[in-house]
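Data first, discussion second: the structure below is written as structure tokens.
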Amino acid sequence: MTTQHRAPRNRTVTLEDDEIRSFHSRLIQLERPQTVNTLVGRTICQDLFQALPHLPDSFVDLLIADPPYNLDKSFNGQTFKARSQDDYEAWLESWLVPLRRILKPTASVYLCGDWRSSAAIQRVAERHFIVQNRITWEREKGRGALTNWKNCSEDIWFLTASRQYTFNVDAVKLKRRVIAPYKDANGDPKDWEQTEGGNYRVTHTSNLWTDISVPFWSMPENTDHPTQKPEKLIAKLLLASSQPNDVVFDPFLGSGTTSVVAKKLGRQFVGVEIDEHFCCLAEKRLAMASRDDSIQGYHDGLFWERNSLSQQRKSAKVSSQQQSLVLFDREHVG
């Protein structure tokens with residue numbers, strides 16, 4: 001790939017030639033039926049349709065899929081053309097339906113898309129799964145438009161294989177700033193906490209997410225993958241819909257975010273990605289996760305609003321005993 005000149009403070013994860021050779025040796029391709037033990041913790045560098053027949057039955061607790069959206073797009077030497085809605089729907093079914101075989105009866109599925117593909121996703125999902133919800137998250141980056149509304153949101157469809165499934169509501173609480181503090185008759189805070197750094201309320205996460213930062217050059221999780229999902233976003237899905245040691249499967253792994261977050265949160269993982277460079281990038285990020293399991297925007301069992309941790313630190317009178325915690329948290333601004 002073409003070498004880019006980067007600013008000194010740019011933290012984008014890249015690969016040197018020797019790293020590519022080293023990480024490539026960890027990748028696998030499937031040529032015969034596999035057991036769960038031979039797959040967990042591995043990156044499968046292969047076309048999904050070639051790998052599918054060799055995957056075992058009923059071993060996945062959580063499936064997270066971020067397939068190519070129905071757009072005209074070119075990256076890394078590959079060109080993708082938008083299809084008709086019917087053709088895109090048929091393509092979705094061509095891999096999603098076979099993947100049902102590898103799911104446990106209690107499995108959950110999260111399927112990513114944009115507004116153009118959302119209708120096709122819903123139709124396919126309703127035919128083969130139980131649709132529980134649709135999450136919309138704000139992608140704050142993006143170009144403006146002169147003749148249309150700026151496109152700054154994406155959808156994630158929440159599906160289940162049956163009526164019995166995992167959902168850990170307390171694991172995905174959001175710590176939100178209180179703008180207009182409300183007090184009870186005694187003058188005490190009502191459902192919020194008063195701190196030196198500001199007023200905060202811990203709330204249930206809704207299906208509208210505005211606290212996500214898209215990876216950019218100064219974030220240690222950033223890569224050159226053009227459609228990389230934030231670790232914080234994937235962490236919400238994993239914590240809500242899986243338990244420790246559950247198996248998480250991603251059929252379009254990209255630069256490895258699902259596997260990396262699964263490792264950081266104590267889940268087992270399997271990922272499939274056709275591009276060798278991105279597979280090696282995923283392996284490098286997994287090695288980095290062994291040394292640092294932090295997730296930006298997630299701290300002390302809570303998700304924080306975007307930038308709220310840094311604002312709290314600036315306004316708080318922090319004692320010398322808390323200085324080390326501040327230095328740690330500086331890398332975890334939501």
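If you're wondering about the labels, chains in the structure tokens are A, B, ... by order shown, residues count from 1 in each chain, ligands from 1 in order shown.
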
| said: Going by DSSP on the backbone, which residues of region 181-297 of chain A come out as strand (DSSP E)? List them as a PyMOL selection string. | reply: chain A and resi 193-195+198-203+208-209+247-250+268-273

Which residues of region 59-119 of chain A come within 12 Å of region 131-142 of chain A, and what is each one's closest atom pair and distance in Å (one decimal), counting only C-alpha atoms, sorted by chain and residue number, as CSV?
residue,atom,partner,partner_atom,distance
A:Ser108,CA,A:Gln132,CA,9.7
A:Val109,CA,A:Val131,CA,9.5
A:Tyr110,CA,A:Arg134,CA,9.3
A:Leu111,CA,A:Arg134,CA,9.4
A:Cys112,CA,A:Ile135,CA,9.3
A:Gly113,CA,A:Thr136,CA,9.7
A:Asp114,CA,A:Thr136,CA,9.3
A:Trp115,CA,A:Thr136,CA,9.9
A:Ser118,CA,A:Arg134,CA,9.6
A:Ala119,CA,A:Arg134,CA,11.5

| d(CA of Asp87 (chain A), CA of Leu99 (chain A)) in Å | 18.9 Å

| task | State, in Å with one decimal place, the distance from CA of Trp95 (chain A) to CA of Gln122 (chain A). | result |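 Rounded to one decimal, the two atoms are 15.3 Å apart.
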
Name all residues at most 9 Å from region 223-234 of chain A (count only C-alpha atoms; drop same-chain ones fewer than 2 positions away) and give them as a PDB file with N, CA and C atoms, in the first residue's frame.
ATOM      1  N   ARG A  11      -1.864   8.894  15.504  1.00  0.00           N
ATOM      2  CA  ARG A  11      -1.787   7.602  16.201  1.00  0.00           C
ATOM      3  C   ARG A  11      -2.404   6.463  15.389  1.00  0.00           C
ATOM      4  N   THR A  12      -2.641   6.687  14.109  1.00  0.00           N
ATOM      5  CA  THR A  12      -3.241   5.667  13.256  1.00  0.00           C
ATOM      6  C   THR A  12      -2.405   4.385  13.269  1.00  0.00           C
ATOM      7  N   VAL A  13      -3.060   3.258  13.441  1.00  0.00           N
ATOM      8  CA  VAL A  13      -2.383   1.960  13.457  1.00  0.00           C
ATOM      9  C   VAL A  13      -2.021   1.581  12.024  1.00  0.00           C
ATOM     10  N   THR A  14      -0.739   1.348  11.784  1.00  0.00           N
ATOM     11  CA  THR A  14      -0.263   0.979  10.450  1.00  0.00           C
ATOM     12  C   THR A  14       0.589  -0.287  10.554  1.00  0.00           C
ATOM     13  N   ILE A  64     -22.280 -10.075  14.747  1.00  0.00           N
ATOM     14  CA  ILE A  64     -22.243  -8.655  14.404  1.00  0.00           C
ATOM     15  C   ILE A  64     -21.763  -8.546  12.967  1.00  0.00           C
ATOM     16  N   ASP A  66     -21.263  -6.083   9.570  1.00  0.00           N
ATOM     17  CA  ASP A  66     -21.163  -4.752   8.972  1.00  0.00           C
ATOM     18  C   ASP A  66     -20.825  -4.944   7.499  1.00  0.00           C
ATOM     19  N   PHE A  75     -12.250   1.316  -2.804  1.00  0.00           N
ATOM     20  CA  PHE A  75     -11.153   1.436  -1.855  1.00  0.00           C
ATOM     21  C   PHE A  75     -10.280   0.196  -1.936  1.00  0.00           C
ATOM     22  N   ASN A  76      -8.984   0.413  -1.665  1.00  0.00           N
ATOM     23  CA  ASN A  76      -8.001  -0.668  -1.643  1.00  0.00           C
ATOM     24  C   ASN A  76      -8.022  -1.490  -2.933  1.00  0.00           C
ATOM     25  N   TRP A 137     -27.399   5.639  15.107  1.00  0.00           N
ATOM     26  CA  TRP A 137     -26.294   6.309  15.792  1.00  0.00           C
ATOM     27  C   TRP A 137     -25.758   7.446  14.925  1.00  0.00           C
ATOM     28  N   TRP A 209     -28.270   6.905  19.522  1.00  0.00           N
ATOM     29  CA  TRP A 209     -26.951   7.066  20.122  1.00  0.00           C
ATOM     30  C   TRP A 209     -26.269   8.309  19.549  1.00  0.00           C
ATOM     31  N   ILE A 212     -21.179   8.683  20.224  1.00  0.00           N
ATOM     32  CA  ILE A 212     -20.135   7.913  19.552  1.00  0.00           C
ATOM     33  C   ILE A 212     -19.202   8.827  18.767  1.00  0.00           C
ATOM     34  N   SER A 213     -17.894   8.629  18.932  1.00  0.00           N
ATOM     35  CA  SER A 213     -16.900   9.340  18.122  1.00  0.00           C
ATOM     36  C   SER A 213     -16.368   8.397  17.046  1.00  0.00           C
ATOM     37  N   VAL A 214     -16.487   8.797  15.793  1.00  0.00           N
ATOM     38  CA  VAL A 214     -15.910   8.018  14.705  1.00  0.00           C
ATOM     39  C   VAL A 214     -14.386   8.089  14.810  1.00  0.00           C
ATOM     40  N   PRO A 215     -13.679   6.971  14.656  1.00  0.00           N
ATOM     41  CA  PRO A 215     -12.218   7.002  14.787  1.00  0.00           C
ATOM     42  C   PRO A 215     -11.567   8.033  13.870  1.00  0.00           C
ATOM     43  N   PHE A 216     -10.624   8.781  14.420  1.00  0.00           N
ATOM     44  CA  PHE A 216      -9.875   9.745  13.624  1.00  0.00           C
ATOM     45  C   PHE A 216      -8.411   9.682  14.040  1.00  0.00           C
ATOM     46  N   TRP A 217      -7.561  10.492  13.400  1.00  0.00           N
ATOM     47  CA  TRP A 217      -6.112  10.294  13.434  1.00  0.00           C
ATOM     48  C   TRP A 217      -5.487  10.335  14.818  1.00  0.00           C
ATOM     49  N   PRO A 220      -6.088   6.128  19.317  1.00  0.00           N
ATOM     50  CA  PRO A 220      -5.212   4.960  19.175  1.00  0.00           C
ATOM     51  C   PRO A 220      -5.869   3.773  18.485  1.00  0.00           C
ATOM     52  N   GLU A 221      -7.179   3.778  18.300  1.00  0.00           N
ATOM     53  CA  GLU A 221      -7.846   2.681  17.600  1.00  0.00           C
ATOM     54  C   GLU A 221      -7.949   2.932  16.103  1.00  0.00           C
ATOM     55  N   LYS A 236     -20.913  -1.534  23.137  1.00  0.00           N
ATOM     56  CA  LYS A 236     -22.304  -1.498  23.593  1.00  0.00           C
ATOM     57  C   LYS A 236     -23.042  -2.760  23.154  1.00  0.00           C
ATOM     58  N   LEU A 237     -22.831  -3.167  21.908  1.00  0.00           N
ATOM     59  CA  LEU A 237     -23.509  -4.354  21.396  1.00  0.00           C
ATOM     60  C   LEU A 237     -23.069  -5.602  22.141  1.00  0.00           C
ATOM     61  N   LEU A 238     -21.762  -5.730  22.366  1.00  0.00           N
ATOM     62  CA  LEU A 238     -21.238  -6.911  23.048  1.00  0.00           C
ATOM     63  C   LEU A 238     -21.695  -6.992  24.494  1.00  0.00           C
ATOM     64  N   LEU A 239     -21.631  -5.880  25.210  1.00  0.00           N
ATOM     65  CA  LEU A 239     -22.008  -5.904  26.620  1.00  0.00           C
ATOM     66  C   LEU A 239     -23.500  -6.163  26.795  1.00  0.00           C
ATOM     67  N   GLY A 254     -13.241  -6.577   8.553  1.00  0.00           N
ATOM     68  CA  GLY A 254     -12.535  -5.331   8.273  1.00  0.00           C
ATOM     69  C   GLY A 254     -11.216  -5.257   9.017  1.00  0.00           C
ATOM     70  N   SER A 255     -10.987  -4.162   9.728  1.00  0.00           N
ATOM     71  CA  SER A 255      -9.729  -3.988  10.456  1.00  0.00           C
ATOM     72  C   SER A 255      -9.771  -4.577  11.862  1.00  0.00           C
ATOM     73  N   GLY A 256     -10.819  -5.338  12.183  1.00  0.00           N
ATOM     74  CA  GLY A 256     -10.792  -6.149  13.395  1.00  0.00           C
ATOM     75  C   GLY A 256     -11.487  -5.610  14.621  1.00  0.00           C
ATOM     76  N   THR A 257     -12.298  -4.567  14.491  1.00  0.00           N
ATOM     77  CA  THR A 257     -12.867  -3.939  15.682  1.00  0.00           C
ATOM     78  C   THR A 257     -13.680  -4.917  16.533  1.00  0.00           C
ATOM     79  N   THR A 258     -14.508  -5.748  15.910  1.00  0.00           N
ATOM     80  CA  THR A 258     -15.329  -6.677  16.693  1.00  0.00           C
ATOM     81  C   THR A 258     -14.464  -7.641  17.492  1.00  0.00           C
ATOM     82  N   VAL A 260     -11.326  -7.251  18.407  1.00  0.00           N
ATOM     83  CA  VAL A 260     -10.553  -6.508  19.404  1.00  0.00           C
ATOM     84  C   VAL A 260     -11.398  -6.197  20.632  1.00  0.00           C
ATOM     85  N   VAL A 261     -12.619  -5.710  20.416  1.00  0.00           N
ATOM     86  CA  VAL A 261     -13.490  -5.373  21.541  1.00  0.00           C
ATOM     87  C   VAL A 261     -13.903  -6.629  22.296  1.00  0.00           C
ATOM     88  N   ALA A 262     -14.165  -7.710  21.571  1.00  0.00           N
ATOM     89  CA  ALA A 262     -14.494  -8.975  22.234  1.00  0.00           C
ATOM     90  C   ALA A 262     -13.351  -9.409  23.153  1.00  0.00           C
ATOM     91  N   PHE A 278      -6.016  -5.997   5.780  1.00  0.00           N
ATOM     92  CA  PHE A 278      -6.866  -5.684   6.920  1.00  0.00           C
ATOM     93  C   PHE A 278      -6.867  -6.822   7.938  1.00  0.00           C
ATOM     94  N   LEU A 281      -3.868  -6.207   9.917  1.00  0.00           N
ATOM     95  CA  LEU A 281      -4.136  -5.062  10.777  1.00  0.00           C
ATOM     96  C   LEU A 281      -4.964  -5.485  11.985  1.00  0.00           C
ATOM     97  N   ILE A 295     -11.184   1.028  26.411  1.00  0.00           N
ATOM     98  CA  ILE A 295     -12.077   1.373  25.309  1.00  0.00           C
ATOM     99  C   ILE A 295     -12.452   2.838  25.463  1.00  0.00           C
ATOM    100  N   GLN A 296     -12.141   3.624  24.464  1.00  0.00           N
ATOM    101  CA  GLN A 296     -12.361   5.055  24.556  1.00  0.00           C
ATOM    102  C   GLN A 296     -13.855   5.364  24.737  1.00  0.00           C
ATOM    103  N   GLY A 297     -14.165   6.149  25.789  1.00  0.00           N
ATOM    104  CA  GLY A 297     -15.549   6.511  26.062  1.00  0.00           C
ATOM    105  C   GLY A 297     -16.267   5.559  27.004  1.00  0.00           C
ATOM    106  N   TYR A 298     -15.595   4.478  27.425  1.00  0.00           N
ATOM    107  CA  TYR A 298     -16.169   3.516  28.367  1.00  0.00           C
ATOM    108  C   TYR A 298     -15.224   3.409  29.554  1.00  0.00           C
ATOM    109  N   PHE A 303     -20.788   4.054  30.021  1.00  0.00           N
ATOM    110  CA  PHE A 303     -20.492   4.795  28.809  1.00  0.00           C
ATOM    111  C   PHE A 303     -20.729   6.270  29.078  1.00  0.00           C
ATOM    112  N   GLY A 334     -14.812   9.998  25.692  1.00  0.00           N
ATOM    113  CA  GLY A 334     -15.844   9.450  24.819  1.00  0.00           C
ATOM    114  C   GLY A 334     -16.072  10.314  23.610  1.00  0.00           C
TER     115      GLY A 334
END

| message | With distances taken over only C-alpha atoms, which residue among A:Phe59, A:Gln85, A:Phe269, A:Leu302 lies nearest Val169 (chain A)? | response |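 Closest to Val169 (chain A) of all the choices is A:Leu302.
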
| task | Write out as an NGL selection string all residues of region 7-184 of chain A that DSSP puts in helix (DSSP H, G or I) for this structure's backbone. | result | :A and (17-24 or 36-39 or 48-54 or 85-102 or 118-128 or 169-172)

| query | Which residue gives the smallest distance to Arg6 (chain A) among A:Asn199, A:Arg42, A:Asn307, A:Ser218, with only C-alpha atoms counted? | reply |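 Of all the options, A:Ser218 lies closest to Arg6 (chain A).
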
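Across A:Gln243, A:Cys279, A:Gly41, A:Arg285, the tightest approach to Phe167 (chain A) is made by A:Gln243 when counting only C-alpha atoms.
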
Within 12 Å of Gln164 (chain A), counting only C-alpha atoms, which residues show up once you throw out same-chain ones fewer than 3 positions away? Write them as a PDB file with C-alpha atoms, in the first residue's frame, please.
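Generated output (out04.pdb):
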ATOM      1  CA  ASP A  61     -23.849 -16.480  20.732  1.00  0.00           C
ATOM      2  CA  LYS A 104     -27.307 -20.886  18.897  1.00  0.00           C
ATOM      3  CA  PRO A 105     -31.092 -20.801  19.436  1.00  0.00           C
ATOM      4  CA  THR A 106     -30.549 -17.976  21.957  1.00  0.00           C
ATOM      5  CA  ALA A 107     -28.273 -15.936  19.661  1.00  0.00           C
ATOM      6  CA  SER A 108     -28.623 -12.254  18.831  1.00  0.00           C
ATOM      7  CA  ILE A 130     -37.322 -11.648  15.151  1.00  0.00           C
ATOM      8  CA  GLN A 132     -36.333  -6.425  18.275  1.00  0.00           C
ATOM      9  CA  LEU A 159     -32.432  -9.239  15.673  1.00  0.00           C
ATOM     10  CA  THR A 160     -32.788 -12.459  17.636  1.00  0.00           C
ATOM     11  CA  ALA A 161     -33.057 -16.096  16.614  1.00  0.00           C
ATOM     12  CA  PHE A 167     -29.904  -8.488  27.085  1.00  0.00           C
ATOM     13  CA  SER A 241     -26.085  -9.077  24.084  1.00  0.00           C
TER      14      SER A 241
END

| Can you tell me, as number ranges by chain, what residues are no more than 12 Å from Ser25 (chain A) when counting only C-alpha atoms, ignoring any on the same chain fewer than 5 positions away? | A: 18-20, 42-45, 276, 279-280, 283-284

Output for the residues just chosen: N, CA and C atoms as a JSON list (two decimals), in the first residue's frame:
[["chain", "number", "residue", "atom", "x", "y", "z"],
["A", 18, "ASP", "N", 7.75, -6.06, 7.90],
["A", 18, "ASP", "CA", 8.06, -7.20, 8.75],
["A", 18, "ASP", "C", 6.85, -7.61, 9.59],
["A", 19, "GLU", "N", 6.03, -6.62, 9.96],
["A", 19, "GLU", "CA", 4.82, -6.93, 10.72],
["A", 19, "GLU", "C", 3.82, -7.68, 9.86],
["A", 20, "ILE", "N", 3.71, -7.29, 8.60],
["A", 20, "ILE", "CA", 2.79, -7.99, 7.70],
["A", 20, "ILE", "C", 3.17, -9.45, 7.59],
["A", 42, "ARG", "N", -9.35, -16.67, 16.29],
["A", 42, "ARG", "CA", -8.65, -16.65, 15.01],
["A", 42, "ARG", "C", -9.29, -15.68, 14.02],
["A", 43, "THR", "N", -8.46, -15.23, 13.09],
["A", 43, "THR", "CA", -8.91, -14.41, 11.97],
["A", 43, "THR", "C", -8.85, -15.27, 10.71],
["A", 44, "ILE", "N", -10.00, -15.45, 10.07],
["A", 44, "ILE", "CA", -10.09, -16.26, 8.85],
["A", 44, "ILE", "C", -9.95, -15.32, 7.66],
["A", 45, "CYS", "N", -8.87, -15.49, 6.91],
["A", 45, "CYS", "CA", -8.61, -14.64, 5.75],
["A", 45, "CYS", "C", -9.11, -15.37, 4.50],
["A", 276, "GLU", "N", -6.26, -9.39, 2.90],
["A", 276, "GLU", "CA", -5.13, -9.82, 3.72],
["A", 276, "GLU", "C", -4.54, -8.68, 4.55],
["A", 279, "CYS", "N", -6.71, -8.06, 7.47],
["A", 279, "CYS", "CA", -6.58, -9.18, 8.41],
["A", 279, "CYS", "C", -5.33, -9.01, 9.27],
["A", 280, "CYS", "N", -4.22, -8.63, 8.65],
["A", 280, "CYS", "CA", -2.98, -8.40, 9.41],
["A", 280, "CYS", "C", -3.14, -7.22, 10.36],
["A", 283, "GLU", "N", -4.91, -8.42, 13.36],
["A", 283, "GLU", "CA", -4.02, -9.18, 14.24],
["A", 283, "GLU", "C", -3.11, -8.25, 15.04],
["A", 284, "LYS", "N", -2.66, -7.16, 14.41],
["A", 284, "LYS", "CA", -1.83, -6.20, 15.15],
["A", 284, "LYS", "C", -2.66, -5.55, 16.26]]

| query | Which residue out of A:Gly271, A:Ala120, A:Pro68, A:Ile102 has the minimum interatomic distance to Tyr88 (chain A) when only C-alpha atoms are used? | reply |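 Using only C-alpha atoms, Tyr88 (chain A) sits closest to A:Ala120.
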